[in-house]
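To start, the structure under review is shown below, and the notes come after it.
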Amino acid sequence: MIIARQIATELQVREQQVSATIALLDKGDTVPFIARYRKEATSGLDDIQLRKLAERLEYLRQLEQRRQSILQSIQQQGLLTPELSKALQESLSKTTLEDLYRPFKPKRNSKATLAKTAGLTPLAEQLLGQTSVNPEYIAKAFINSQHDITSTAQALQGAEQILQERLAETAPLLAQLRQWLTANALLKVSVKRGKNDPQSKFRDYFDYSQALKDIPGHRALAIFRGIKESILKLQISPPAHNVDYPIKLIEHQLGLSKHRRTQDYWLKNLASNCWQQKLQAQLEADLSKSLRERAETESIQVFATNLEDLLMAAPAGQKVTMGLDPGLRSGVKVAIMSATGALLSEAVIYPHAPQNKWHEALQQLTKLVERYQVELISIGNGTASRETEQLAKALKEITDTAFTAVVVSEAGASVYSASAYASQEFPDVDVSIRGAISIARRLQDPLAELVKIEPKAIGVGQYQHDVNQKALGMKLETVIEDCVNKVGVNLNTASVALLTQVAGINQSIANNIVEIRDNKGKFRRRSELLKVPRLGAKAYQQCAGFLRIDNPIQPLDNSAVHPESYPLVEDMAAQAQVTSAELIGNQTLLSALSTQGFSHPDFGAYTIADTLQELAKPGRDPRPDFETVTFDESVNSIGDVRENMQLQGVVTNVTNFGAFVDIGVHQDGLVHISQLANQFVKDPHSIVKTGQIVQVKVLTVDIQRKRLSLTMKS
């Protein structure tokens with residue numbers, strides 16, 4: 001109940017919605033299934049809200065486990081007070097919990113521990129007391145040669161170590177200092193001695209400072225990479241105009257603002273030493289860690305958004321496609337793919353330097369295009385891409401076969417070529433040809449092809465190798481799962497990789513589906529899935545609505561209507577006095593239905609509305625219509641680019657600081673966030689997305705550094 005209330009507050013939804021969702025998740029329901037088919041229970045929470053809910057649920061449950069572990073530890077030590085128990089129970093973050101637990105953690109033999117062993121705790125208490133005392137005088141009573149305390153200075157030093165440790169374990173003080181520093185501290189970065197190479201990629205940070213709270217995530221990750229490579233070092237400290245404020249907070253904790261005592265001067269020195277010798281380094285480490293976590297979270301979200309845009313890009317559709325994987329010395333690899341993605345033919349041609357067999361290549365491509373009636377040519381955007389695009393244009397002039405040539409991103413194609421998936425799909429095909437296959441099929445259906453590639457190899461991230469790889473992997477998996485289930489999957493053509501992303505289906509079940517399909521032929525009904533080994537009633541419930549069957553026995557099996565809602569459709573058809581099949585796609589009949597007549601306990605308003613919408617446009621693809629970019633024919637390399645040129649390009653990556661655009665010269669140009677629009681832009685993703693075709697103007701060209709600066713301002 002407490003967790004549900006907390007999440008409801010954070011997401012600004014009702015506690016009842018959260019509790020219902022938690023119950024469904026605990027029952028084994030997947031987020032895609034809940035988002036699409038359990039709207040009555042959640043009152044319409046969408047997949048984005050559900051993902052946030054699931055993430056927070058996981059965090060808060062881990063927090064609760066840690067809380068119970070800490071409570072048990074302190075209880076076993078016999079030190080758990082009602083006040084401490086209340087503070088621990090009310091803690092809403094792991095940081096606060098750990099701050100409260102600090103005094104009770106088992107400690108190594110620190111200087112403070114040795115001082116306590118030497119019996120100096122009473123001295124520390126007297127120095128903190130309200131009674132005015134002379135430190136030097138009272139310290140004489142604690143000289144103890146058995147513990148190497150041979151002078152008052154040593155006794156006072158030991159007392160100071162005890163009090164410094166106590167201050168460093170005072171949760172309210174730590175929270176106050178951390179909060180103030182987060183809002184006011186300055187992050188300073190400098191270059192390490194002997195590492196100030198003027199050509200270094202980190203040269204912008206050799207002498208850099210900015211308010212900690214204002215550091216963008218991508219800049220923070222660049223700094224941390226420089227630190228990891230032993231080129232940069234950082235310091236987080238109070239601003240120059242208020243450098244002593246943390247010491248004043250420590251003094252206040254010591255009671256210096258309340259009393260005038262003989263020992264106040266000694267306590268002031270203690271406060272200053274505690275900050276400089278202990279707390280500053282401790283909090284700098286905490287804030288540095290917090291900055292990295294914030295930057296990683298931002299970076300992971302950028303990657304996730306870009307990946308979603310890429311996966312949800314418009315498919316060219318089921319058309320015979322020629323994939324061209326460009327190359328110079330190694331030649332251009334050619335793969336002809338059927339409308340359903342099967343390999344029809346393969347070849348290698350050498351139209352470019354050093355072989356320069358242009359005419360032979362054209363003749364070979366002409367035969368292939370005409371024999372297989374190629375409708376699309378997909379060209380990878382790597383080395384020799386523009387030259388290969390010119391080859392396709394020349395081919396168009398000498399053949400009567402009408403086709404469209406498109407340049408696509410080949411990121412990850414080589415990874416797929418050497419993957420286990422590729423080996424299973426094309427065991428007898430050369431690795432180099434598999435790259436051309438991937439380039440062709442990602443034009444036919446980006447989603448179906450890109451799910452076979454590890455997301456991190458697709459190249460739409462921001463410092464992706466510098467972030468928490470486990471967190472990144474988990475986030476990207478949820479993005480892929482949500483995209484696949486939004487679109488739906490053809491049960492009879494989907495690969496194992498694609499089936500594995502369907503709600504309720506794991507690798508083992510996906511393998512079994514494909515094996516049955518290969519051995520016994522196509523599935524004719526969704527219900528036949530229940531005969532698949534390891535696919536039980538629960539898995540069937542989760543996956544059935546996301547799987548489609550072409551020309552099925554039951555027409556609804558080729559729609560997003562879930563089998564559990566088939567009786568609802570039958571009721572609708574009965575009201576319209578037609579069959580279920582006649583109702584599908586018939587907007588006139590559907591509009592005439594009276595939804596008030598479907599008062600069934602299993603079907604609420606959400607299900608009825610979704611069912612009517614699906615019946616109107618069964619199997620509707622949520623992805624946009626297919627369109628292609630047109631590169632300027634006179635611009636083939638960065639040397640052809642001139643300032644003020646107006647060009648068309650395609651967005652290849654979106655970061656927090658802008659967008660990278662491919663204008664067809666093998667070097668993406670950067671549209672800085674300040675150049676994305678005429679108005680202020682806070683988030684580049686609000687203006688552009690990966691795969692979008694845009695118009696740009698060239699601002700600057702740096703051929704030596706291979707940098708292009710572009711603008712999208714009108």
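Scheme for the structure tokens: letters A, B, ... for chains in order shown; per-chain residue numbers from 1; ligand numbers from 1 in order shown.
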
Next on the checklist: According to DSSP computed on the backbone, where in segment 80-306 of chain A is there strand (DSSP E or B)? Give the residues as a ChimeraX atom specification.
Outcome noted: /A:144,149,186-191,207-211,232-237

Checklist entry - Hey, what's within 7 Å of Ala503 of chain A if we count only C-alpha atoms and toss same-chain stuff fewer than 4 positions away? As a list in words, please? => result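 Within the cut-off, the hits are Thr30, Pro32, Phe33, Gln542 and Cys543 of chain A.
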
Next on the checklist: Residues within 10 Å of Ala539 of chain A, please, as a PyMOL selection string. Count only C-alpha atoms; anything in the same chain fewer than 2 positions from it doesn't count.
Outcome noted: chain A and resi 28-30+503-506+509+529-530+534-537+541-544

Output for the residues just chosen: C-alpha atoms as a tab-separated table (two decimals), in the first residue's frame:
chain	number	residue	atom	x	y	z
A	28	GLY	CA	2.97	-12.48	-14.60
A	29	ASP	CA	1.26	-10.14	-17.07
A	30	THR	CA	3.59	-8.21	-19.38
A	503	ALA	CA	4.84	-10.57	-25.03
A	504	GLY	CA	4.85	-13.97	-23.33
A	505	ILE	CA	7.25	-15.64	-25.79
A	506	ASN	CA	10.81	-16.54	-24.80
A	509	ILE	CA	9.04	-21.00	-27.28
A	529	LEU	CA	-0.36	-22.07	-30.64
A	530	LEU	CA	-1.59	-24.02	-27.62
A	534	ARG	CA	6.18	-24.93	-23.49
A	535	LEU	CA	3.51	-22.44	-24.67
A	536	GLY	CA	0.83	-22.78	-22.01
A	537	ALA	CA	-2.39	-20.91	-21.32
A	541	GLN	CA	-3.01	-15.14	-23.18
A	542	GLN	CA	-0.05	-12.75	-23.29
A	543	CYS	CA	1.03	-13.29	-26.91
A	544	ALA	CA	-2.12	-14.12	-28.91

Checklist entry - With only C-alpha atoms as the basis for distance, which of A:Lys116, A:Lys522, A:His666, A:Arg434 is at the shortest distance from Ile553 of chain A? => result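 Ranked by minimum distance to Ile553 of chain A, first place goes to A:Lys522.
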
Residues of segment 506-549 of chain A in alpha helix (DSSP H) according to DSSP, as a compact mmCIF listing (two decimals) with C-alpha atoms, in the first residue's frame?
# COMPACT_ATOMS: atom_id res chain seq x y z
CA GLN A 507 13.66 -17.93 -26.88
CA SER A 508 12.67 -21.55 -26.28
CA ILE A 509 9.04 -21.00 -27.28
CA ALA A 510 10.08 -18.98 -30.35
CA ASN A 511 12.34 -21.83 -31.49
CA ASN A 512 9.49 -24.31 -31.02
CA ILE A 513 7.10 -22.13 -33.05
CA VAL A 514 9.52 -21.93 -35.97
CA GLU A 515 10.29 -25.65 -35.76
CA ILE A 516 6.58 -26.56 -35.95
CA ARG A 517 6.09 -24.05 -38.76
CA ASP A 518 8.97 -25.55 -40.75
CA ASN A 519 7.90 -29.16 -40.19
CA LYS A 520 4.10 -28.98 -40.30
CA ALA A 537 -2.39 -20.91 -21.32
CA LYS A 538 -0.62 -17.96 -19.65
CA ALA A 539 1.85 -17.46 -22.51
CA TYR A 540 -1.00 -17.79 -25.01
CA GLN A 541 -3.01 -15.14 -23.18
CA GLN A 542 -0.05 -12.75 -23.29
CA CYS A 543 1.03 -13.29 -26.91

Checklist entry - So which residues touch segment 51-59 of chain A within 9 Å, counting only C-alpha atoms, skipping near sequence neighbours fewer than 6 positions away, as a PyMOL selection string? => result chain A and resi 3-4+7-8+11+18+21-22+25+31+478

Take the residues that were just selected and, keeping C-alpha atoms, output them as a compact mmCIF listing (two decimals), in the first residue's frame.
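Saved result, again-v5.txt, follows:
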# COMPACT_ATOMS: atom_id res chain seq x y z
CA ILE A 3 4.68 1.68 -2.36
CA ALA A 4 1.50 2.04 -4.42
CA ILE A 7 4.23 5.64 -7.11
CA ALA A 8 0.75 7.12 -7.57
CA LEU A 11 3.09 9.51 -11.62
CA VAL A 18 -1.18 1.60 -9.42
CA THR A 21 -1.19 -2.69 -12.18
CA ILE A 22 1.07 -4.10 -9.48
CA LEU A 25 2.54 -7.53 -12.93
CA VAL A 31 3.56 -4.44 -19.86
CA THR A 478 11.85 -2.78 -23.17

Checklist entry - Of the residues A:Pro122, A:Pro555, A:Gly461, A:Gly217, which is the one nearest to Phe657 of chain A, using only C-alpha atoms? => result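 The answer is A:Gly217, which sits nearest to Phe657 of chain A.
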
Close residues, Leu80 of chain A itself excluded, 12 Å, only C-alpha atoms, min 4 positions apart in chain, as a tab-separated table (two decimals) with C-alpha atoms, in the first residue's frame:
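Final output, around-v1.tsv:
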chain	number	residue	atom	x	y	z
A	70	ILE	CA	19.37	-2.34	7.83
A	71	LEU	CA	16.64	-2.49	10.47
A	72	GLN	CA	17.59	-6.08	11.25
A	73	SER	CA	21.30	-5.21	11.50
A	74	ILE	CA	20.74	-2.31	13.90
A	75	GLN	CA	18.22	-4.36	15.90
A	76	GLN	CA	20.78	-7.14	16.33
A	84	LEU	CA	15.73	5.86	14.27
A	85	SER	CA	13.19	3.22	13.24
A	86	LYS	CA	10.75	5.98	12.22
A	87	ALA	CA	13.44	7.79	10.20
A	88	LEU	CA	14.40	4.59	8.39
A	100	LEU	CA	21.21	6.78	8.50
A	101	TYR	CA	23.03	3.44	8.54
A	103	PRO	CA	27.04	5.05	12.28
A	104	PHE	CA	26.06	1.39	12.62

Checklist entry - Do you know which residues are at most 7 Å from Val561 of chain A counting only C-alpha atoms, after dropping those on the same chain fewer than 3 positions away, and could you put them as a list in words? => result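 In the requested form, the answer reads Gly545, Leu556, Ser565, Thr611 and Glu614 of chain A.
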